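run_1.tsv (TSV, C-alpha atoms and all ligand atoms)
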```tsv
chain	number	residue	atom	x	y	z
R	1	MET	CA	115.20	65.77	10.27
R	2	THR	CA	112.53	65.36	7.63
R	3	ASP	CA	111.33	68.51	5.91
R	4	ILE	CA	107.61	67.87	5.91
R	5	LYS	CA	107.12	70.59	3.31
R	6	THR	CA	108.43	68.04	0.82
R	7	TYR	CA	105.34	66.03	1.80
R	8	GLY	CA	103.13	68.89	0.71
R	9	PHE	CA	102.62	70.40	4.17
R	10	PRO	CA	101.64	74.05	3.51
R	11	GLU	CA	103.95	76.58	5.09
R	12	GLU	CA	101.12	78.63	6.59
R	13	LEU	CA	99.75	75.65	8.51
R	14	ILE	CA	103.04	75.00	10.30
R	15	PRO	CA	102.63	76.07	13.94
R	16	PRO	CA	105.11	78.72	15.11
R	17	GLU	CA	106.19	76.65	18.10
R	18	GLY	CA	105.60	73.31	19.85
R	19	PRO	CA	104.89	71.24	21.74
R	20	ALA	CA	102.74	69.71	18.96
R	21	LEU	CA	104.61	69.14	15.69
R	22	PRO	CA	103.21	69.31	12.15
R	23	ALA	CA	102.79	65.95	10.45
R	24	ARG	CA	101.05	64.33	7.49
R	25	VAL	CA	99.09	61.10	7.64
R	26	THR	CA	100.65	58.56	5.28
R	27	ALA	CA	98.39	55.63	6.16
R	28	VAL	CA	95.51	54.70	8.44
R	29	PHE	CA	95.19	51.36	10.17
R	30	LYS	CA	92.71	50.22	12.80
R	31	GLY	CA	93.02	52.83	15.54
R	32	ARG	CA	96.55	53.71	14.51
R	33	TRP	CA	97.86	56.38	12.18
R	34	GLN	CA	101.13	56.35	10.28
R	35	LEU	CA	102.66	59.81	10.08
R	36	ILE	CA	105.54	61.53	8.41
R	37	THR	CA	106.87	64.06	10.91
R	38	PRO	CA	109.90	66.35	11.27
R	39	GLU	CA	111.35	63.34	13.12
R	40	GLY	CA	110.71	60.89	10.31
R	41	GLN	CA	108.05	58.20	10.19
R	42	GLN	CA	106.10	57.72	13.40
R	43	TYR	CA	102.96	55.94	14.50
R	44	ALA	CA	100.28	57.73	16.47
R	45	THR	CA	96.93	57.39	18.16
R	46	LEU	CA	94.31	60.07	18.69
R	47	LYS	CA	94.38	62.10	21.87
R	48	THR	CA	91.15	61.19	23.62
R	49	LYS	CA	90.33	64.61	25.00
R	50	GLU	CA	90.35	66.32	21.60
R	51	TYR	CA	88.87	63.55	19.50
R	52	ILE	CA	86.44	61.77	21.77
R	53	TYR	CA	85.40	63.88	24.77
R	54	GLU	CA	85.33	67.25	23.10
R	55	SER	CA	84.57	65.42	19.85
R	56	GLY	CA	85.07	68.52	17.73
R	57	GLU	CA	88.05	67.21	15.78
R	58	GLU	CA	87.44	65.32	12.59
R	59	PHE	CA	89.18	61.93	12.53
R	60	PRO	CA	92.26	62.19	10.36
R	61	THR	CA	92.53	60.25	7.13
R	62	THR	CA	95.34	59.57	4.67
R	63	GLY	CA	96.72	62.84	3.35
R	64	ASP	CA	95.58	64.90	6.32
R	65	TYR	CA	97.80	67.54	7.85
R	66	VAL	CA	97.75	67.13	11.61
R	67	LEU	CA	99.43	68.33	14.77
R	68	ALA	CA	100.90	65.60	16.94
R	69	LEU	CA	102.62	65.42	20.30
R	70	PRO	CA	105.90	63.51	20.21
R	71	ALA	CA	106.23	60.59	22.62
R	72	PRO	CA	108.69	57.74	23.10
R	73	GLY	CA	106.12	55.21	21.82
R	74	ASP	CA	103.09	56.18	19.76
R	75	TRP	CA	102.72	59.90	19.22
R	76	GLN	CA	99.40	61.57	19.97
R	77	ILE	CA	97.44	63.43	17.32
R	78	VAL	CA	95.79	66.51	18.79
R	79	ARG	CA	94.42	68.31	15.73
R	80	THR	CA	93.26	67.70	12.20
R	81	LEU	CA	94.12	70.83	10.24
R	82	PRO	CA	91.65	72.29	7.71
R	83	ARG	CA	91.41	70.27	4.52
R	84	LYS	CA	91.96	71.76	1.12
R	85	SER	CA	90.07	68.92	-0.51
R	86	PHE	CA	88.86	65.45	0.39
R	87	PHE	CA	87.05	62.36	-0.78
R	88	SER	CA	84.50	60.85	1.51
R	89	ARG	CA	82.20	57.92	1.53
R	90	LEU	CA	79.00	57.37	3.42
R	91	ASP	CA	79.41	55.11	6.39
R	92	GLY	CA	76.15	53.25	5.79
R	93	TRP	CA	75.96	51.97	9.33
R	94	HIS	CA	76.49	55.20	11.23
R	95	GLY	CA	75.02	57.38	8.52
R	96	THR	CA	78.04	59.61	8.76
R	97	GLU	CA	80.49	60.89	6.27
R	98	GLN	CA	83.89	59.28	6.39
R	99	ALA	CA	86.84	60.92	4.70
R	100	VAL	CA	89.03	58.44	2.82
R	101	ALA	CA	91.68	60.75	1.34
R	102	ALA	CA	92.52	64.38	1.98
R	103	ASN	CA	94.39	67.33	0.56
R	104	MET	CA	94.72	66.23	-3.04
R	105	ASP	CA	95.67	69.00	-5.47
R	106	VAL	CA	94.82	67.05	-8.57
R	107	VAL	CA	92.56	64.08	-9.24
R	108	PHE	CA	93.18	62.05	-12.36
R	109	ALA	CA	90.02	60.58	-13.83
R	110	VAL	CA	91.46	57.61	-15.69
R	111	GLN	CA	89.84	55.82	-18.63
R	112	SER	CA	91.44	53.59	-21.21
R	113	LEU	CA	91.14	54.06	-24.95
R	114	ASN	CA	89.84	50.58	-25.53
R	115	GLU	CA	86.49	48.84	-25.33
R	116	ASN	CA	86.11	49.86	-21.67
R	117	PHE	CA	85.87	53.53	-22.56
R	118	SER	CA	82.72	54.89	-20.94
R	119	LEU	CA	81.56	58.48	-20.94
R	120	LYS	CA	79.08	57.73	-18.15
R	121	ARG	CA	81.87	56.55	-15.89
R	122	LEU	CA	83.95	59.55	-16.84
R	123	GLU	CA	81.11	61.88	-15.84
R	124	ARG	CA	80.91	60.11	-12.51
R	125	TYR	CA	84.63	60.52	-11.81
R	126	LEU	CA	84.55	64.14	-12.88
R	127	THR	CA	81.67	64.84	-10.51
R	128	LEU	CA	83.52	63.16	-7.66
R	129	GLY	CA	86.67	65.03	-8.60
R	130	TRP	CA	85.03	68.46	-8.65
R	131	ASN	CA	83.16	67.70	-5.47
R	132	SER	CA	86.37	66.83	-3.65
R	133	GLY	CA	87.67	70.36	-4.06
R	134	ALA	CA	90.71	69.21	-6.03
R	135	ARG	CA	91.30	69.84	-9.72
R	136	PRO	CA	90.16	67.00	-11.98
R	137	VAL	CA	92.22	66.06	-15.01
R	138	VAL	CA	91.05	63.42	-17.49
R	139	VAL	CA	93.64	60.88	-18.57
R	140	LEU	CA	92.91	58.49	-21.44
R	141	THR	CA	95.41	55.66	-21.19
R	142	LYS	CA	96.72	53.02	-23.59
R	143	ALA	CA	97.06	55.47	-26.48
R	144	ASP	CA	99.62	53.05	-27.94
R	145	LEU	CA	96.86	50.55	-28.75
R	146	PRO	CA	95.95	50.47	-32.45
R	147	GLY	CA	92.94	52.39	-33.67
R	148	ASP	CA	91.76	55.91	-34.23
R	149	HIS	CA	91.26	57.47	-30.82
R	150	GLY	CA	90.19	60.85	-32.18
R	151	GLU	CA	86.49	60.24	-31.66
R	152	MET	CA	86.91	59.10	-28.03
R	153	LEU	CA	89.12	62.08	-27.34
R	154	ARG	CA	86.50	64.43	-28.78
R	155	GLU	CA	83.71	62.79	-26.79
R	156	ALA	CA	85.72	62.95	-23.58
R	157	LYS	CA	86.46	66.63	-24.15
R	158	ALA	CA	82.77	67.29	-24.71
R	159	VAL	CA	81.83	65.98	-21.26
R	160	ALA	CA	84.96	67.17	-19.43
R	161	GLY	CA	84.02	70.85	-19.46
R	162	GLU	CA	86.76	72.81	-17.73
R	163	ALA	CA	88.81	69.72	-16.94
R	164	PRO	CA	91.69	69.14	-19.37
R	165	VAL	CA	91.79	65.85	-21.31
R	166	PHE	CA	95.01	64.06	-22.26
R	167	ALA	CA	95.63	60.85	-24.17
R	168	LEU	CA	98.82	59.04	-23.25
R	169	SER	CA	100.53	55.70	-22.91
R	170	SER	CA	102.25	54.52	-19.75
R	171	LYS	CA	103.80	51.79	-21.85
R	172	THR	CA	105.55	53.89	-24.50
R	173	GLY	CA	105.59	57.16	-22.59
R	174	GLU	CA	103.88	59.04	-25.41
R	175	GLY	CA	101.83	61.97	-24.15
R	176	MET	CA	103.11	61.65	-20.57
R	177	GLU	CA	104.76	65.08	-20.74
R	178	GLN	CA	101.30	66.70	-20.85
R	179	LEU	CA	100.84	65.92	-17.17
R	180	ALA	CA	103.95	67.81	-16.06
R	181	PRO	CA	102.17	71.12	-15.30
R	182	TYR	CA	99.90	69.27	-12.84
R	183	LEU	CA	102.69	67.37	-11.16
R	184	ARG	CA	105.07	69.85	-9.61
R	185	PRO	CA	107.07	68.78	-6.55
R	186	GLY	CA	104.89	68.87	-3.44
R	187	THR	CA	101.69	68.28	-5.43
R	188	THR	CA	99.39	65.55	-4.14
R	189	ALA	CA	97.66	63.44	-6.77
R	190	ALA	CA	94.92	60.83	-6.55
R	191	PHE	CA	93.60	58.49	-9.23
R	192	LEU	CA	90.04	57.46	-9.97
R	193	GLY	CA	89.18	54.80	-12.49
R	194	SER	CA	87.85	51.29	-12.69
R	195	SER	CA	90.00	48.22	-12.44
R	196	GLY	CA	92.23	47.58	-15.42
R	197	VAL	CA	92.25	51.06	-16.94
R	198	GLY	CA	95.93	51.36	-16.09
R	199	LYS	CA	96.11	53.40	-12.87
R	200	SER	CA	98.95	51.35	-11.39
R	201	SER	CA	100.85	51.43	-14.67
R	202	LEU	CA	100.41	55.20	-14.81
R	203	ILE	CA	101.67	55.64	-11.25
R	204	ASN	CA	104.67	53.43	-12.03
R	205	ALA	CA	105.39	55.46	-15.14
R	206	LEU	CA	105.23	58.67	-13.11
R	207	ALA	CA	107.38	57.16	-10.39
R	208	GLY	CA	109.96	55.88	-12.86
R	209	GLU	CA	109.97	52.59	-10.96
R	210	GLU	CA	107.68	49.70	-10.15
R	211	ILE	CA	106.03	50.77	-6.92
R	212	MET	CA	102.56	49.46	-7.68
R	213	SER	CA	101.30	46.03	-8.56
R	214	VAL	CA	97.77	45.09	-9.56
R	215	SER	CA	97.15	44.04	-5.97
R	216	GLY	CA	98.21	47.40	-4.61
R	217	VAL	CA	101.29	49.07	-3.23
R	218	ARG	CA	104.51	47.13	-2.95
R	219	GLU	CA	106.95	48.61	-0.51
R	220	TYR	CA	110.14	47.28	0.96
R	221	ASP	CA	111.91	48.24	4.14
R	222	SER	CA	115.60	49.14	4.19
R	223	ALA	CA	116.59	45.48	4.50
R	224	GLY	CA	114.65	44.68	1.33
R	225	ARG	CA	111.92	42.82	3.18
R	226	HIS	CA	108.37	43.22	2.05
R	227	THR	CA	106.50	45.42	4.50
R	228	THR	CA	102.89	44.64	5.17
R	229	THR	CA	102.05	47.99	6.75
R	230	HIS	CA	102.33	49.81	3.46
R	231	ARG	CA	101.91	53.49	2.95
R	232	GLN	CA	98.87	54.94	1.28
R	233	LEU	CA	100.58	58.24	0.55
R	234	LEU	CA	103.79	57.89	-1.40
R	235	LEU	CA	106.50	60.39	-2.16
R	236	LEU	CA	107.84	59.82	-5.66
R	237	LYS	CA	111.42	60.67	-6.63
R	238	SER	CA	110.02	63.56	-8.66
R	239	GLY	CA	108.67	65.11	-5.44
R	240	VAL	CA	105.07	64.30	-6.36
R	241	LEU	CA	102.86	62.68	-3.72
R	242	VAL	CA	100.45	59.94	-4.68
R	243	ILE	CA	97.47	58.91	-2.59
R	244	ASP	CA	96.08	55.43	-3.05
R	245	THR	CA	93.78	54.26	-0.26
R	246	PRO	CA	91.43	51.28	-0.24
R	247	GLY	CA	88.50	53.59	0.57
R	248	MET	CA	88.90	55.43	-2.72
R	249	ARG	CA	87.53	52.42	-4.53
R	250	GLU	CA	84.26	52.65	-2.63
R	251	LEU	CA	83.35	56.23	-3.35
R	252	GLY	CA	79.70	56.89	-3.95
R	253	MET	CA	77.87	59.97	-5.08
R	254	TRP	CA	77.53	60.95	-1.43
R	255	ASP	CA	76.61	64.61	-1.19
R	256	ALA	CA	77.78	65.30	-4.74
R	257	GLY	CA	75.79	68.54	-4.97
R	258	GLU	CA	78.59	71.00	-5.65
R	259	GLY	CA	80.48	68.59	-7.86
R	260	LEU	CA	77.39	68.06	-10.00
R	261	SER	CA	76.94	71.76	-10.67
R	262	THR	CA	80.54	72.08	-11.77
R	263	ALA	CA	80.53	68.90	-13.82
R	264	PHE	CA	77.18	69.66	-15.49
R	265	PRO	CA	77.00	73.41	-16.15
R	266	ASP	CA	75.14	72.63	-19.40
R	267	VAL	CA	72.33	71.02	-17.37
R	268	GLU	CA	72.40	73.35	-14.40
R	269	ARG	CA	71.69	76.38	-16.52
R	270	PHE	CA	68.19	75.11	-17.28
R	271	LEU	CA	67.33	74.07	-13.74
R	272	GLY	CA	64.98	76.30	-11.79
R	273	ARG	CA	63.53	77.69	-15.01
R	274	CYS	CA	60.49	75.41	-15.21
R	275	ARG	CA	57.01	76.85	-14.71
R	276	PHE	CA	56.44	74.72	-11.61
R	277	SER	CA	59.09	74.89	-8.93
R	278	ASP	CA	58.54	71.21	-8.11
R	279	CYS	CA	58.70	70.17	-11.77
R	280	LYS	CA	59.75	66.54	-12.21
R	281	HIS	CA	60.77	67.28	-15.81
R	282	GLU	CA	58.51	64.53	-17.12
R	283	ARG	CA	55.16	65.65	-18.50
R	284	GLU	CA	54.67	69.02	-16.85
R	285	PRO	CA	53.78	71.96	-19.07
R	286	GLY	CA	56.38	74.72	-19.20
R	287	CYS	CA	59.29	72.40	-18.41
R	288	ALA	CA	62.54	74.18	-19.29
R	289	ILE	CA	64.53	70.95	-19.42
R	290	LYS	CA	62.20	69.30	-21.92
R	291	ALA	CA	62.11	72.45	-24.01
R	292	ALA	CA	65.91	72.65	-24.02
R	293	ILE	CA	66.19	69.04	-25.15
R	294	GLU	CA	63.57	69.55	-27.86
R	295	ASN	CA	65.22	72.61	-29.33
R	296	GLY	CA	68.65	71.01	-29.20
R	297	GLU	CA	70.13	73.23	-26.49
R	298	LEU	CA	70.60	70.33	-24.09
R	299	ASP	CA	72.02	66.92	-24.97
R	300	PRO	CA	69.52	64.29	-23.74
R	301	GLU	CA	72.43	61.98	-22.84
R	302	ARG	CA	73.81	64.62	-20.50
R	303	TRP	CA	70.41	65.02	-18.90
R	304	GLU	CA	70.20	61.26	-18.34
R	305	SER	CA	73.66	61.21	-16.73
R	306	TYR	CA	72.80	64.13	-14.52
R	307	LYS	CA	69.54	62.55	-13.38
R	308	LEU	CA	71.29	59.30	-12.55
R	309	LEU	CA	74.09	60.87	-10.52
R	310	ASN	CA	71.80	63.36	-8.83
R	311	GLY	CA	69.41	60.56	-7.87
R	312	GLU	CA	72.27	58.61	-6.33
R	313	SER	CA	73.45	61.64	-4.44
R	314	GLU	CA	69.96	62.36	-3.07
R	315	ARG	CA	69.45	58.79	-1.97
R	316	SER	CA	72.68	58.65	-0.01
R	317	ARG	CA	72.00	62.06	1.51
R	318	ARG	CA	68.58	60.88	2.65
R	319	LEU	CA	70.05	57.71	4.08
R	320	GLY	CA	72.60	59.80	5.95
R	321	ALA	CA	69.87	62.08	7.29
R	322	VAL	CA	67.78	59.15	8.52
R	323	ARG	CA	70.73	57.57	10.26
R	324	ARG	CA	71.72	60.84	11.84
R	325	LYS	CA	68.20	61.31	13.17
R	326	GLN	CA	68.67	58.04	14.98
R	327	GLY	CA	71.13	59.78	17.23
R	328	GLN	CA	74.40	60.41	15.46
R	329	PRO	CA	76.28	63.62	16.17
R	330	SER	CA	76.34	65.68	13.03
R	331	LYS	CA	76.69	69.30	14.05
R	332	ALA	CA	80.45	69.20	14.33
R	333	LEU	CA	80.58	67.42	11.01
R	334	ALA	CA	78.48	70.00	9.23
R	335	LYS	CA	80.53	72.77	10.75
R	336	SER	CA	83.87	71.32	9.76
R	337	ARG	CA	82.51	70.70	6.28
R	338	ARG	CA	81.55	74.36	6.01
R	339	GLN	CA	84.93	75.49	7.26
R	340	GLU	CA	86.61	73.24	4.76
R	341	ARG	CA	84.56	74.60	1.89
R	342	LYS	CA	85.62	78.10	2.88
R	343	TYR	CA	89.24	77.12	3.15
R	344	ARG	CA	89.20	75.39	-0.19
R	345	GLY	CA	88.84	78.63	-2.09
R	346	LYS	CA	92.35	79.47	-1.05
R	347	ASN	CA	95.29	78.17	-3.04
R	348	PHE	CA	98.51	77.28	-1.36
R	349	PRO	CA	101.41	79.55	-2.22
R	350	GLY	CA	103.31	78.44	-5.28
R	351	GLU	CA	100.37	76.48	-6.57
R	352	TYR	CA	98.91	76.86	-9.99
I	1	LIG	N1	99.02	48.79	-24.15
I	1	LIG	C1	98.97	49.34	-22.94
I	1	LIG	N2	98.60	48.60	-21.89
I	1	LIG	C2	98.55	49.18	-20.68
I	1	LIG	C3	98.87	50.54	-20.48
I	1	LIG	N3	98.70	50.84	-19.17
I	1	LIG	C4	98.30	49.69	-18.58
I	1	LIG	N4	98.21	48.69	-19.47
I	1	LIG	C5	97.81	47.30	-19.21
I	1	LIG	O1	96.49	47.27	-18.67
I	1	LIG	C6	96.37	46.27	-17.66
I	1	LIG	C7	95.87	46.87	-16.36
I	1	LIG	O2	96.81	47.82	-15.90
I	1	LIG	P1	96.89	48.28	-14.37
I	1	LIG	O3	97.87	49.40	-14.33
I	1	LIG	O4	97.11	47.14	-13.47
I	1	LIG	O5	95.41	48.83	-14.16
I	1	LIG	P2	94.75	49.40	-12.82
I	1	LIG	O6	93.82	50.47	-13.25
I	1	LIG	O7	95.79	49.77	-11.85
I	1	LIG	O8	93.94	48.17	-12.30
I	1	LIG	P3	93.60	47.80	-10.77
I	1	LIG	O9	94.90	47.63	-10.06
I	1	LIG	O10	92.83	46.51	-10.90
I	1	LIG	O11	92.76	48.92	-10.25
I	1	LIG	C8	97.75	45.64	-17.53
I	1	LIG	O12	97.76	44.46	-18.28
I	1	LIG	C9	98.68	46.68	-18.14
I	1	LIG	O13	99.83	46.10	-18.69
I	1	LIG	C10	99.27	51.31	-21.63
I	1	LIG	O14	99.55	52.52	-21.58
I	1	LIG	N5	99.30	50.66	-22.82
I	2	ZN	ZN	60.91	70.75	-15.68
```

Mind turning this structure into structure tokens?
Amino acid sequence: MTDIKTYGFPEELIPPEGPALPARVTAVFKGRWQLITPEGQQYATLKTKEYIYESGEEFPTTGDYVLALPAPGDWQIVRTLPRKSFFSRLDGWHGTEQAVAANMDVVFAVQSLNENFSLKRLERYLTLGWNSGARPVVVLTKADLPGDHGEMLREAKAVAGEAPVFALSSKTGEGMEQLAPYLRPGTTAAFLGSSGVGKSSLINALAGEEIMSVSGVREYDSAGRHTTTHRQLLLLKSGVLVIDTPGMRELGMWDAGEGLSTAFPDVERFLGRCRFSDCKHEREPGCAIKAAIENGELDPERWESYKLLNGESERSRRLGAVRRKQGQPSKALAKSRRQERKYRGKNFPGEY
């Protein structure tokens, strides 16, 4: 018997009785889902009636809590339970939103304290983090490298807003203890950051063992053989769950609306205050944004970042709308998205 609560499964989502059992998606392959269930690891497919014919159920992704019917071979997934948070990318071909990771509690926006340090990138990860519904935490890695990191730390804090900022080193372990409050057993964590900032090293440091390589997850079966069908959701010895899916590296600013407002409260407070409601904030008289920049109330750099990310978000939304017009079902999607937003407000018991 596996206690799936150790995999983060919230108590209140566990169905009172069968036949379907609660499970969490640990990896997604082509048409096949890897699950952790009360009966250990299982593989499953989607039950056609629920997912295709009635087409109301959102396709499960890594991290999803699902209900599945046990079977001698592949199990059958019958329900995707409401998501607490999720990352999605725009499926450019179908014009639909595709979830790539679900039910993260905390999202680490990772940057390194070297020449790759970029506030613009940090703002992007923070926006994605807030928009996912999880709690973003900024991690500045490689604090062991020589140099005065005070200025970078201050700059990061200035753009992070409500998100905490920590400098640490996976190599020496300095500063790692600051993450403890965000990494209680049963917590699901995801990591955003460009290649080389030290995400894998950080995960290894948290795991206390080498589970990640630069090329991705290294996992071995009980006989010590390398397994190719690796997990994308890992349970660390500490009880923390780590999500690392290929799709997370392709996140765009798809529908970043809510995340932008949370990541840029300093910009948002001037929006909607211009004389003309369709103000482009360029040369119009009575522009509140321009006035705020001129009198020093709004940092022009922040405005530039906001414009860039907002523009990206609008473009992908428009692309999605066009594609949907060409005959893609979107009602169910919009509905489930609304339900999820509602559900998100609720914290799981025992959570910070
Ligand atoms: N000095 C120092 N080097 C580090 C630290 N963390 C990671 N590195 C080095 O930075 C390089 C990249 O680290 P990775 O952990 O592979 O980075 P990543 O973000 O996972 O990169 P991708 O797998 O390409 O996404 C490696 O050479 C690490 O040894 C640290 O805390 N201090
Ligand atoms: Zn304006």

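All residues, whether protein, DNA or RNA, that have an atom at most 7 Å from ligand ZN 2 (chain I) (counting all atoms listed in the file) are Cys274, Cys279, Lys280, His281, Glu282, Glu284, Gly286, Cys287, Ala288, Ile289 and Lys290 of chain R.
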
Output the selection as a short mmCIF file (atom, residue, chain, number, x, y, z; two decimals), keeping the file's coordinate frame - C-alpha atoms for each residue.
```
data_model
loop_
_atom_site.label_atom_id
_atom_site.label_comp_id
_atom_site.auth_asym_id
_atom_site.auth_seq_id
_atom_site.Cartn_x
_atom_site.Cartn_y
_atom_site.Cartn_z
CA CYS R 274 60.49 75.41 -15.21
CA CYS R 279 58.70 70.17 -11.77
CA LYS R 280 59.75 66.54 -12.21
CA HIS R 281 60.77 67.28 -15.81
CA GLU R 282 58.51 64.53 -17.12
CA GLU R 284 54.67 69.02 -16.85
CA GLY R 286 56.38 74.72 -19.20
CA CYS R 287 59.29 72.40 -18.41
CA ALA R 288 62.54 74.18 -19.29
CA ILE R 289 64.53 70.95 -19.42
CA LYS R 290 62.20 69.30 -21.92
#
```

Quiz item: Which of these residues is nearest to ligand LIG 1 (chain I), using only C-alpha atoms and all ligand atoms: R:Gly247, R:Gly196, R:Pro265, R:Gly259?
Solution: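 Nearest candidate to ligand LIG 1 (chain I) out of R:Gly247, R:Gly196, R:Pro265, R:Gly259: R:Gly196.
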
Interface rows for segment 99-194 of chain R against segment 307-316 of chain R: nearest pair, Å to one decimal, 9 Å, all atoms listed in the file, as JSON lines:
```
{"residue": "R:Glu123", "atom": "CA", "partner": "R:Leu309", "partner_atom": "CA", "distance": 8.9}
{"residue": "R:Arg124", "atom": "CA", "partner": "R:Leu309", "partner_atom": "CA", "distance": 7.1}
{"residue": "R:Thr127", "atom": "CA", "partner": "R:Leu309", "partner_atom": "CA", "distance": 8.6}
```

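Between atom CA of Ala256 of chain R and atom CA of Ala291 of chain R there is a distance of 25.8 Å.
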
Self-check item: Point-to-point distance from atom CA of Trp303 of chain R to atom CA of Pro136 of chain R, Å rounded to tenths
Solution: 21.0 Å

Sorted per-residue table, chain R near ligand LIG 1 (chain I), closest atoms and distance, 10 Å, all atoms listed in the file, as a Markdown table:
```
| residue | atom | partner | partner_atom | distance |
| --- | --- | --- | --- | --- |
| R:Val110 | CA | I:LIG1 | O6 | 7.9 |
| R:Gln111 | CA | I:LIG1 | O6 | 8.6 |
| R:Ser112 | CA | I:LIG1 | N3 | 8.0 |
| R:Leu113 | CA | I:LIG1 | N5 | 9.1 |
| R:Asn114 | CA | I:LIG1 | N1 | 9.5 |
| R:Leu140 | CA | I:LIG1 | O14 | 8.9 |
| R:Thr141 | CA | I:LIG1 | O14 | 5.2 |
| R:Lys142 | CA | I:LIG1 | O14 | 3.5 |
| R:Ala143 | CA | I:LIG1 | O14 | 6.2 |
| R:Asp144 | CA | I:LIG1 | N5 | 5.7 |
| R:Leu145 | CA | I:LIG1 | N1 | 5.4 |
| R:Pro146 | CA | I:LIG1 | N1 | 9.0 |
| R:Ala167 | CA | I:LIG1 | O14 | 9.6 |
| R:Leu168 | CA | I:LIG1 | O14 | 6.8 |
| R:Ser169 | CA | I:LIG1 | O14 | 3.6 |
| R:Ser170 | CA | I:LIG1 | O14 | 3.8 |
| R:Lys171 | CA | I:LIG1 | O14 | 4.3 |
| R:Thr172 | CA | I:LIG1 | O14 | 6.8 |
| R:Gly173 | CA | I:LIG1 | O14 | 7.7 |
| R:Glu174 | CA | I:LIG1 | O14 | 8.7 |
| R:Met176 | CA | I:LIG1 | O14 | 9.9 |
| R:Phe191 | CA | I:LIG1 | O6 | 9.0 |
| R:Leu192 | CA | I:LIG1 | O6 | 8.6 |
| R:Gly193 | CA | I:LIG1 | O6 | 6.4 |
| R:Ser194 | CA | I:LIG1 | O11 | 6.0 |
| R:Ser195 | CA | I:LIG1 | O11 | 3.6 |
| R:Gly196 | CA | I:LIG1 | O8 | 3.6 |
| R:Val197 | CA | I:LIG1 | O6 | 4.1 |
| R:Gly198 | CA | I:LIG1 | O5 | 3.2 |
| R:Lys199 | CA | I:LIG1 | O6 | 3.7 |
| R:Ser200 | CA | I:LIG1 | O7 | 3.6 |
| R:Ser201 | CA | I:LIG1 | O3 | 3.6 |
| R:Leu202 | CA | I:LIG1 | O3 | 6.3 |
| R:Ile203 | CA | I:LIG1 | O3 | 7.9 |
| R:Asn204 | CA | I:LIG1 | O3 | 8.2 |
| R:Ala205 | CA | I:LIG1 | N3 | 9.1 |
| R:Met212 | CA | I:LIG1 | O7 | 8.0 |
| R:Ser213 | CA | I:LIG1 | O4 | 6.5 |
| R:Val214 | CA | I:LIG1 | O9 | 3.9 |
| R:Ser215 | CA | I:LIG1 | O9 | 5.9 |
| R:Gly216 | CA | I:LIG1 | O9 | 6.4 |
| R:Val217 | CA | I:LIG1 | O9 | 9.5 |
| R:Arg249 | CA | I:LIG1 | O11 | 8.5 |
```

Preceding selection exported with C-alpha atoms as an mmCIF file, in the frame of the given file:
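Just written: again01.cif:
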```
data_model
loop_
_atom_site.group_PDB
_atom_site.id
_atom_site.type_symbol
_atom_site.label_atom_id
_atom_site.label_comp_id
_atom_site.auth_asym_id
_atom_site.auth_seq_id
_atom_site.Cartn_x
_atom_site.Cartn_y
_atom_site.Cartn_z
ATOM 1 C CA VAL R 110 91.460 57.610 -15.690
ATOM 2 C CA GLN R 111 89.840 55.820 -18.630
ATOM 3 C CA SER R 112 91.440 53.590 -21.210
ATOM 4 C CA LEU R 113 91.140 54.060 -24.950
ATOM 5 C CA ASN R 114 89.840 50.580 -25.530
ATOM 6 C CA LEU R 140 92.910 58.490 -21.440
ATOM 7 C CA THR R 141 95.410 55.660 -21.190
ATOM 8 C CA LYS R 142 96.720 53.020 -23.590
ATOM 9 C CA ALA R 143 97.060 55.470 -26.480
ATOM 10 C CA ASP R 144 99.620 53.050 -27.940
ATOM 11 C CA LEU R 145 96.860 50.550 -28.750
ATOM 12 C CA PRO R 146 95.950 50.470 -32.450
ATOM 13 C CA ALA R 167 95.630 60.850 -24.170
ATOM 14 C CA LEU R 168 98.820 59.040 -23.250
ATOM 15 C CA SER R 169 100.530 55.700 -22.910
ATOM 16 C CA SER R 170 102.250 54.520 -19.750
ATOM 17 C CA LYS R 171 103.800 51.790 -21.850
ATOM 18 C CA THR R 172 105.550 53.890 -24.500
ATOM 19 C CA GLY R 173 105.590 57.160 -22.590
ATOM 20 C CA GLU R 174 103.880 59.040 -25.410
ATOM 21 C CA MET R 176 103.110 61.650 -20.570
ATOM 22 C CA PHE R 191 93.600 58.490 -9.230
ATOM 23 C CA LEU R 192 90.040 57.460 -9.970
ATOM 24 C CA GLY R 193 89.180 54.800 -12.490
ATOM 25 C CA SER R 194 87.850 51.290 -12.690
ATOM 26 C CA SER R 195 90.000 48.220 -12.440
ATOM 27 C CA GLY R 196 92.230 47.580 -15.420
ATOM 28 C CA VAL R 197 92.250 51.060 -16.940
ATOM 29 C CA GLY R 198 95.930 51.360 -16.090
ATOM 30 C CA LYS R 199 96.110 53.400 -12.870
ATOM 31 C CA SER R 200 98.950 51.350 -11.390
ATOM 32 C CA SER R 201 100.850 51.430 -14.670
ATOM 33 C CA LEU R 202 100.410 55.200 -14.810
ATOM 34 C CA ILE R 203 101.670 55.640 -11.250
ATOM 35 C CA ASN R 204 104.670 53.430 -12.030
ATOM 36 C CA ALA R 205 105.390 55.460 -15.140
ATOM 37 C CA MET R 212 102.560 49.460 -7.680
ATOM 38 C CA SER R 213 101.300 46.030 -8.560
ATOM 39 C CA VAL R 214 97.770 45.090 -9.560
ATOM 40 C CA SER R 215 97.150 44.040 -5.970
ATOM 41 C CA GLY R 216 98.210 47.400 -4.610
ATOM 42 C CA VAL R 217 101.290 49.070 -3.230
ATOM 43 C CA ARG R 249 87.530 52.420 -4.530
#
```

Quiz item: Which polymer residues have any atom within 8 Å of an atom of segment 18-27 of chain R, counting only C-alpha atoms, with same-chain residues fewer than 5 positions away left out, as number ranges by chain?
Solution: R: 4, 7, 9, 33-38, 60-70, 78, 230-234
